[in-house]
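Notes for the one structure printed next.
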Amino acid sequence: MKTPHMEKKPMSNTHRRCNPGSQPSRLSQAIQGILLASALTASVAAHGEETTNRKSYHISGGSLGHALSQFARDAGILFTGESTLTDGKTSKGLDGEYTVEEGFRKLLAGTGLTYTITSDNAVAIRVAETGSDAASALPAVKVVGQVVDVNDPYNTAYNRTESSTATKTDTPIMETPMSIQVVPRAVMQDQQTTRVKDALENVSGVRSNTTLGYGTGFIIRGFRNQRVFRNGLVANGISIGGATELDTANLQNVEVLKGPAAMLFGRIEPGGLINVNTKRGEKSSRYSVEQRFGSYDFYRTEWDATGSLTDDQSLTYRFSGSNQNNNSFRDFNFNDRVSAYSSLTWRPSDATEMSLDVEGLDQDFQVDRGLFAIGDRPAPVPVERSYIDPNDPVDTLSNINLGFNLTHAFNDDWSLHHRFLATHNQSSDISVKPANAFTVQQFLNPSQGNRTYLRNIFSQTVKSQTYTTNLDLTGNINFLGTQHQPLVGFDYLRSTGSYLTRGNFVNPINGLGIDIYNPVYGIDPSFYDTALATPFPAGLNHSYMRDEWYGVYFQDHITLWDSVHLIGGGRYDWATTGRGRDATFSAAEAVLPERNDEGFSPRVGVLYQPVSWMSIYGNWTTSFGANNGVTATGSTIAPEIGEQYEAGLKTELFDRRLTTTLAYYHLAKENIMTRDLNSPDPSARAAIGQARSQGIELDMIGQITDGLSLIGNYAYTDARITKDYSGLQGNKMNNVPEHSGSMWLKYEIQNYEQLKGWSAGLGMFASGQRQGDDANTFALPGYARLDAFAAYRHDFKDTRLTAQLNIRNLLDKTYYESTDPFQNAPPRVGIYPGAPLTAIGSIRLEF
């Protein structure tokens with residue numbers, strides 16, 4: 001019976017683990033009976049795991065050394081040295097649920113080797129004696145390790161050795177010739193992260209880019225990206241007026257693939273791809289509930305439950321979510337949010353797995369228009385001051401995701417994976433906003449009377465629906481001494497969206513002006529209806545968008561001499577995009593201008609492992625993006641094209657528990673679409689030409705000792721506009737610091753019995769100066785923020801109680817996170833400050 005790999009991520013189908021190390025001696029191969037044995041040991045995990053416990057494995061056939069190494073790592077057993085015992089031997093692999101003993105027995109079947117589990121839980125591999133089950137085992141080398149399930153909520157380790165996002169297979173990160181970073185659930189728990197934007201502070205070259213104070217886009221390697229993938233599929237096909245809000249309650253991890261990812265995923269910004277992986281049902285019953293409370297009336301309840309619904313454990317479930325209510329350090333801002341997630345997974349046989357999940361988020365909040373600049377810096381006003389009005393109507397946001405996954409293994413070598421995702425997003429906001437007539441010159445000398453913040457009332461309603469699916473076929477082939485992992489696939493996306501604007505976008509409304517230093521608030525609620533009666537632009541306040549593409553792609557992962565990995569492939573896209581504006585949605589759809597584009601996106605990468613703990617890699621890749629914007633005259637915009645060269649070094653240190661990636665890249669993008677500042681229409685777009693980003697990035701994550709974990713990064717990013725038609729050539733790209741980084745350290749007391757259960761962490765998150773807009777008219781100053789936490793955990797047999805306290809911005813520094821990319825033209829508003837000192841306490845019960 002065959003079992004697809006279920007313990008990892010839903011995109012998984014095959015994986016291998018190579019440990020080339022030093023090459024075996026030819027002399028030692030010729031001398032039987034005195035070959036050096038591999039030594040494997042497993043220390044019993046903290047929760048009483050024994051070698052009789054079963055786990056699910058999917059290890060492809062091929063080299064015996066690869067298979068044993070993969071099995072040892074998946075079982076939580078650390079592998080030491082290289083063994084000539086396995087040289088030239090093959091294995092059929094391992095599919096299904098096995099104990100440690102059963103796994104070794106099947107992997108070694110027919111190889112002439114056997115194993116012994118000694119009294120101290122060491123595992124020794126040896127040559128089986130002819131006609132006898134007895135043999136002299138070579139000495140076993142003791143290795144400290146743990147049986148670790150990455151999905152176990154009790155797993156506090158940071159390190160993750162595999163990611164499926166870069167290749168759509170469970171290829172180890174050390175064998176992937178791209179920069180791929182994983183932020184696991186353990187980090188999000190320690191940092192008390194509630195939004196994905198905060199989790200991504202732990203990844204180099206990634207910056208959040210807030211819109212209206214709630215929707216979050218991201219800047220990766222200098223380029224803005226509002227699309228986020230969910231379990232490998234696009235979760236927001238058309239994004240208008242802010243990206244989808246992303247809660248972390250139902251997430252297992254967050255992955256970031258640096259550089260163009262179009263070869264496997266289609267239309268995507270060249271800076272990189274963000275993929276969130278949701279939790280899945282587990283066979284063992286586990287439950288948890290957590291209550292958080294903190295500054296600014298912050299209250300959040302999280303829950304998580306999983307287990308089997310049938311006696312044979314073929315049907316499992318997951319139910320998780322959160323309910324959050326909080327005010328803000330920013331005046332008049334608040335957030336009431338509920339998210340819920342449920343998933344069913346059915347395994348009708350060892351070869352097939354199907355899962356269905358539904359996720360919903362509903363949010364009431366108030367948009368935040370941010371602060372503004374005076375001169376070349378943020379205005380010298382308190383960061384809590386807001387220039388919206390306390391009587392602004394409540395704004396709403398809702399997201400619904402319906403996902404389906406099917407994995408089927410035809411045999412040991414070939415697997416099929418099908419995914420489907422339907423996403424519905426809707427948001428509506430009404431607020432007082434700055435009028436475009438409010439110019440920079442009005443703030444040059446505020447002491448001379450130019451102190452009035454001119455405002456009007458504006459509303460926007462956004463609806464979008466995205467349907468996307470793909471089909472992947474993966475295999476394993478041994479051909480002329482080389483190993484191949486071929487992948488062929490097809491995907492399809494259709495996304496439609498509507499955008500309704502009301503109000504007076506340009507001219508200030510008499511009586512709505514406000515003194516920037518001594519604001520007086522209060523607008524009659526009935527005035528909003530009057531102010532919104534006039535649409536803007538006149539007669540063209542309804543926009544309709546449609547985005548559709550098909551793509552076919554192929555990839556091959558070739559392994560040579562156990563130490564060289566080649567990944568090559570390409571994708572061909574057919575894309576149709578369009579956006580129309582008129583007095584009604586039906587009229588806008590009728591006049592929709594469509595643009596048809598097609599293009600080929602190749603990717604080539606090579607990686608060499610001179611020793612098992614170090615990899616040297618390089619890649620060249622391109623991206624194809626079909627713009628869905630139109631110019632002020634109604635014409636469509638040519639596709640965006642990206643190209644990247646990258647080289648880097650990866651290491652696994654401290655018994656392979658600490659993974660580091662050092663990368664250099666050069667990335668260019670043409671036909672960049674931005675808002676046309678010469679048009680009063682906020683939906684008008686223009687291509688500024690070409691931009692280039694190059695830099696160095698360092699990421700590290702894992703454990704230095706059993707008690708000391710870390711996640712850290714540094715990025716040097718030089719991002720500039722290199723070709724432009726409006727005078728911006730040579731300027732730095734907005735919101736991109738040259739220098740940025742973070743370091744988060746957690747220590748869990750191990751050696752003092754009376755202090756066991758205590759842990760503490762300290763982190764610094766820093767950024768250099770950033771330009772607030774592409775015109776480089778103002779800048780945000782650099783900052784360094786210090787965060788800390790302390791926690792105490794107590795176990796009661798099968799129940800765990802954890803109390804935790806987190807402090808964010810421990811030194812209470814004033815800093816500014818980003819500017820709104822759609823509001824940073826004159827009057828240069830939309831500067832979002834970071835929160836002052838904020839405390840969050842929590843009590844979590846797991847059972």
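For the structure tokens, the naming scheme is as follows: chains receive sequential letters (A, B, ...) according to their order of presentation, residues are indexed from 1 within each chain, and ligands are indexed from 1 in presentation order.
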
Would you give me, as a Markdown table, each residue of range 184-261 of chain A having an atom within 12 Å of an atom of range 276-297 of chain A, along with its shortest atom pair and that distance in Å to one decimal, using only C-alpha atoms and sorting by chain and residue number?
| residue | atom | partner | partner_atom | distance |
| --- | --- | --- | --- | --- |
| A:Pro184 | CA | A:Asn277 | CA | 9.9 |
| A:Arg185 | CA | A:Lys279 | CA | 10.0 |
| A:Gln189 | CA | A:Glu290 | CA | 10.9 |
| A:Gln192 | CA | A:Arg292 | CA | 9.0 |
| A:Thr193 | CA | A:Arg292 | CA | 11.3 |
| A:Thr194 | CA | A:Arg292 | CA | 10.7 |
| A:Arg195 | CA | A:Val276 | CA | 11.5 |
| A:Val196 | CA | A:Val276 | CA | 8.6 |
| A:Lys197 | CA | A:Val276 | CA | 11.6 |
| A:Ala199 | CA | A:Val276 | CA | 10.9 |
| A:Leu200 | CA | A:Val276 | CA | 11.0 |
| A:Arg227 | CA | A:Val276 | CA | 11.5 |
| A:Val228 | CA | A:Val276 | CA | 7.7 |
| A:Phe229 | CA | A:Val276 | CA | 6.3 |
| A:Arg230 | CA | A:Val276 | CA | 5.0 |
| A:Asn231 | CA | A:Asn277 | CA | 4.9 |
| A:Gly232 | CA | A:Val276 | CA | 7.9 |
| A:Leu233 | CA | A:Val276 | CA | 9.6 |
| A:Val234 | CA | A:Val276 | CA | 10.4 |
| A:Ala235 | CA | A:Val276 | CA | 9.7 |
| A:Leu246 | CA | A:Val276 | CA | 9.4 |
| A:Asp247 | CA | A:Val276 | CA | 10.4 |
| A:Thr248 | CA | A:Thr278 | CA | 9.0 |
| A:Ala249 | CA | A:Thr278 | CA | 9.2 |
| A:Asn250 | CA | A:Thr278 | CA | 5.7 |
| A:Leu251 | CA | A:Thr278 | CA | 4.4 |
| A:Gln252 | CA | A:Lys279 | CA | 5.1 |
| A:Asn253 | CA | A:Asn277 | CA | 5.6 |
| A:Val254 | CA | A:Val276 | CA | 4.6 |
| A:Glu255 | CA | A:Val276 | CA | 6.3 |
| A:Val256 | CA | A:Val276 | CA | 8.8 |
| A:Leu257 | CA | A:Val276 | CA | 11.4 |

Extract, using only C-alpha atoms, all DNA, RNA and protein residues at most 7 Å from Lys55 in chain A, discarding same-chain residues fewer than 2 positions from it, and format them as a list in words.
-> Asn53, Tyr57, Glu97, Tyr98 and Thr99 of chain A

What would the file look like if the residues just selected were written as a PDB file, in the first residue's frame with all heavy atoms?
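Output file out04.pdb follows:
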ATOM      1  N   ASN A  53       5.989   3.781  18.600  1.00  0.00           N
ATOM      2  CA  ASN A  53       5.003   4.723  18.070  1.00  0.00           C
ATOM      3  C   ASN A  53       5.111   4.813  16.556  1.00  0.00           C
ATOM      4  O   ASN A  53       6.198   4.813  15.997  1.00  0.00           O
ATOM      5  CB  ASN A  53       5.199   6.107  18.687  1.00  0.00           C
ATOM      6  CG  ASN A  53       4.634   6.181  20.092  1.00  0.00           C
ATOM      7  OD1 ASN A  53       4.249   5.176  20.667  1.00  0.00           O
ATOM      8  ND2 ASN A  53       4.599   7.381  20.638  1.00  0.00           N
ATOM      9  N   TYR A  57       5.306   8.145   6.831  1.00  0.00           N
ATOM     10  CA  TYR A  57       6.499   8.455   6.041  1.00  0.00           C
ATOM     11  C   TYR A  57       6.182   8.271   4.562  1.00  0.00           C
ATOM     12  O   TYR A  57       5.403   7.397   4.183  1.00  0.00           O
ATOM     13  CB  TYR A  57       7.666   7.532   6.413  1.00  0.00           C
ATOM     14  CG  TYR A  57       8.078   7.615   7.865  1.00  0.00           C
ATOM     15  CD1 TYR A  57       7.540   6.727   8.796  1.00  0.00           C
ATOM     16  CD2 TYR A  57       8.991   8.562   8.296  1.00  0.00           C
ATOM     17  CE1 TYR A  57       7.912   6.787  10.134  1.00  0.00           C
ATOM     18  CE2 TYR A  57       9.371   8.631   9.634  1.00  0.00           C
ATOM     19  CZ  TYR A  57       8.819   7.747  10.544  1.00  0.00           C
ATOM     20  OH  TYR A  57       9.197   7.812  11.854  1.00  0.00           O
ATOM     21  N   GLU A  97       2.579   4.147   7.471  1.00  0.00           N
ATOM     22  CA  GLU A  97       2.843   4.419   8.875  1.00  0.00           C
ATOM     23  C   GLU A  97       3.675   3.273   9.456  1.00  0.00           C
ATOM     24  O   GLU A  97       3.311   2.099   9.327  1.00  0.00           O
ATOM     25  CB  GLU A  97       1.535   4.583   9.644  1.00  0.00           C
ATOM     26  CG  GLU A  97       0.787   5.850   9.274  1.00  0.00           C
ATOM     27  CD  GLU A  97      -0.330   6.156  10.263  1.00  0.00           C
ATOM     28  OE1 GLU A  97      -0.621   5.274  11.105  1.00  0.00           O
ATOM     29  OE2 GLU A  97      -0.897   7.255  10.196  1.00  0.00           O
ATOM     30  N   TYR A  98       4.779   3.636  10.103  1.00  0.00           N
ATOM     31  CA  TYR A  98       5.709   2.642  10.624  1.00  0.00           C
ATOM     32  C   TYR A  98       6.262   3.101  11.964  1.00  0.00           C
ATOM     33  O   TYR A  98       6.350   4.299  12.242  1.00  0.00           O
ATOM     34  CB  TYR A  98       6.883   2.431   9.653  1.00  0.00           C
ATOM     35  CG  TYR A  98       6.491   1.929   8.294  1.00  0.00           C
ATOM     36  CD1 TYR A  98       6.212   2.822   7.262  1.00  0.00           C
ATOM     37  CD2 TYR A  98       6.395   0.564   8.027  1.00  0.00           C
ATOM     38  CE1 TYR A  98       5.843   2.372   6.002  1.00  0.00           C
ATOM     39  CE2 TYR A  98       6.033   0.103   6.771  1.00  0.00           C
ATOM     40  CZ  TYR A  98       5.751   1.012   5.760  1.00  0.00           C
ATOM     41  OH  TYR A  98       5.400   0.556   4.522  1.00  0.00           O
ATOM     42  N   THR A  99       6.657   2.117  12.763  1.00  0.00           N
ATOM     43  CA  THR A  99       7.488   2.418  13.920  1.00  0.00           C
ATOM     44  C   THR A  99       8.931   2.575  13.430  1.00  0.00           C
ATOM     45  O   THR A  99       9.240   2.299  12.261  1.00  0.00           O
ATOM     46  CB  THR A  99       7.417   1.287  14.955  1.00  0.00           C
ATOM     47  OG1 THR A  99       7.998   0.092  14.389  1.00  0.00           O
ATOM     48  CG2 THR A  99       5.982   1.002  15.368  1.00  0.00           C
TER      49      THR A  99
END

Apply DSSP to the structure's backbone, then extract all residues of range 123-338 of chain A labelled strand (DSSP E or B) and return them as JSON, numbers by chain.
-> {"A": [123, 124, 125, 126, 127, 146, 162, 172, 180, 181, 182, 183, 184, 195, 206, 207, 208, 209, 210, 211, 215, 216, 217, 218, 219, 220, 223, 224, 225, 229, 230, 233, 234, 247, 251, 252, 253, 254, 255, 256, 257, 258, 272, 273, 274, 275, 276, 277, 278, 286, 287, 288, 289, 290, 291, 292, 293, 294, 298, 299, 300, 301, 302, 303, 304, 305, 306, 307, 308, 315, 316, 317, 318, 319, 320, 321, 322, 323, 324, 325, 326, 327, 334, 335, 336, 337, 338]}

Identify, on the basis of only C-alpha atoms, every residue whose closest approach to range 260-272 of chain A does not exceed 9 Å; exclude the query and any residue fewer than 5 positions from it along the same chain; express the result as number ranges by chain.
-> A: 166-168, 219-227, 232-234, 489, 491, 549-555, 569-573, 575, 600-603, 621-626, 640-644, 667-669, 693

Find the residues near Phe458 in chain A: any atom within 9 Å, counting only C-alpha atoms, skip ones fewer than 6 places away on the same chain, and give them as a PyMOL selection string.
-> chain A and resi 429-433+501-505+528+531-532

Those same residues - N, CA, C and O atoms - I'd like them written as a compact mmCIF listing (two decimals), in the first residue's frame.
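So the final result, stored in part.txt, reads:
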# COMPACT_ATOMS: atom_id res chain seq x y z
N ASP A 429 -15.54 51.22 3.15
CA ASP A 429 -15.10 52.22 4.12
C ASP A 429 -15.57 53.61 3.71
O ASP A 429 -15.64 53.94 2.53
N ILE A 430 -15.91 54.39 4.72
CA ILE A 430 -16.33 55.79 4.56
C ILE A 430 -15.59 56.59 5.62
O ILE A 430 -15.62 56.23 6.80
N SER A 431 -14.93 57.65 5.22
CA SER A 431 -14.21 58.45 6.21
C SER A 431 -13.90 59.83 5.67
O SER A 431 -13.97 60.08 4.47
N VAL A 432 -13.58 60.71 6.61
CA VAL A 432 -13.01 61.99 6.25
C VAL A 432 -11.59 61.73 5.78
O VAL A 432 -10.85 60.96 6.40
N LYS A 433 -11.18 62.37 4.70
CA LYS A 433 -9.84 62.16 4.17
C LYS A 433 -9.26 63.49 3.73
O LYS A 433 -10.00 64.47 3.54
N THR A 501 -16.70 54.09 -6.10
CA THR A 501 -16.23 55.26 -5.35
C THR A 501 -17.35 56.29 -5.29
O THR A 501 -18.10 56.48 -6.25
N ARG A 502 -17.44 56.96 -4.14
CA ARG A 502 -18.40 58.05 -3.96
C ARG A 502 -17.74 59.15 -3.15
O ARG A 502 -16.81 58.91 -2.39
N GLY A 503 -18.25 60.36 -3.31
CA GLY A 503 -17.73 61.48 -2.56
C GLY A 503 -16.94 62.42 -3.44
O GLY A 503 -16.86 62.26 -4.65
N ASN A 504 -16.35 63.41 -2.81
CA ASN A 504 -15.59 64.43 -3.52
C ASN A 504 -14.11 64.17 -3.27
O ASN A 504 -13.59 64.46 -2.19
N PHE A 505 -13.45 63.60 -4.25
CA PHE A 505 -12.07 63.17 -4.05
C PHE A 505 -11.08 64.33 -4.11
O PHE A 505 -9.99 64.25 -3.55
N TYR A 528 -22.66 62.93 6.10
CA TYR A 528 -21.97 61.96 5.26
C TYR A 528 -22.81 61.60 4.04
O TYR A 528 -22.29 61.51 2.92
N ALA A 531 -22.60 64.42 1.51
CA ALA A 531 -21.29 64.54 0.87
C ALA A 531 -21.03 63.41 -0.11
O ALA A 531 -20.26 63.58 -1.06
N LEU A 532 -21.66 62.26 0.09
CA LEU A 532 -21.43 61.11 -0.78
C LEU A 532 -22.38 61.07 -1.97
O LEU A 532 -22.31 60.16 -2.79

Residue set, range 335-553 of chain A restricted to alpha helix (DSSP H), as a PyMOL selection string = chain A and resi 526-531

Please measure the separation of CA of Gln729 in chain A and CA of Gly695 in chain A, giving the value in Å to one decimal.
->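 Separation between CA of Gln729 in chain A and CA of Gly695 in chain A: 19.2 Å.
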
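When only C-alpha atoms are used to compute distances to Leu810 in chain A, the closest of the residues A:Arg126, A:Lys797, A:Arg494, A:Arg785 turns out to be A:Arg785.
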
Figure out the distance between CA of Asn671 in chain A and CA of Ala590 in chain A, please, to one decimal in Å.
->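 Between CA of Ala590 in chain A and CA of Asn671 in chain A the gap is 26.9 Å.
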
Considering only C-alpha atoms, state which residue in the set A:Arg318, A:His542, A:Arg455, A:His418 is at the smallest distance from Arg369 in chain A.
-> A:Arg455

Residue nearest Asp524 in chain A among A:Thr717, A:Asn202, A:Ser818, A:Asn391 (counting only C-alpha atoms) =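 Ranking A:Thr717, A:Asn202, A:Ser818, A:Asn391 by distance to Asp524 in chain A, first place goes to A:Asn391.
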
So, counting only C-alpha atoms, which residue among A:Pro486, A:Gly702, A:Gly475, A:Pro833 is closest to Trp414 in chain A?
->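 Using only C-alpha atoms, the shortest distance to Trp414 in chain A belongs to A:Gly475.
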
Please, what distance in Å, to one decimal, runs between CA of Leu649 in chain A and CA of Ile701 in chain A?
->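 Rounded to one decimal, the two atoms are 14.5 Å apart.
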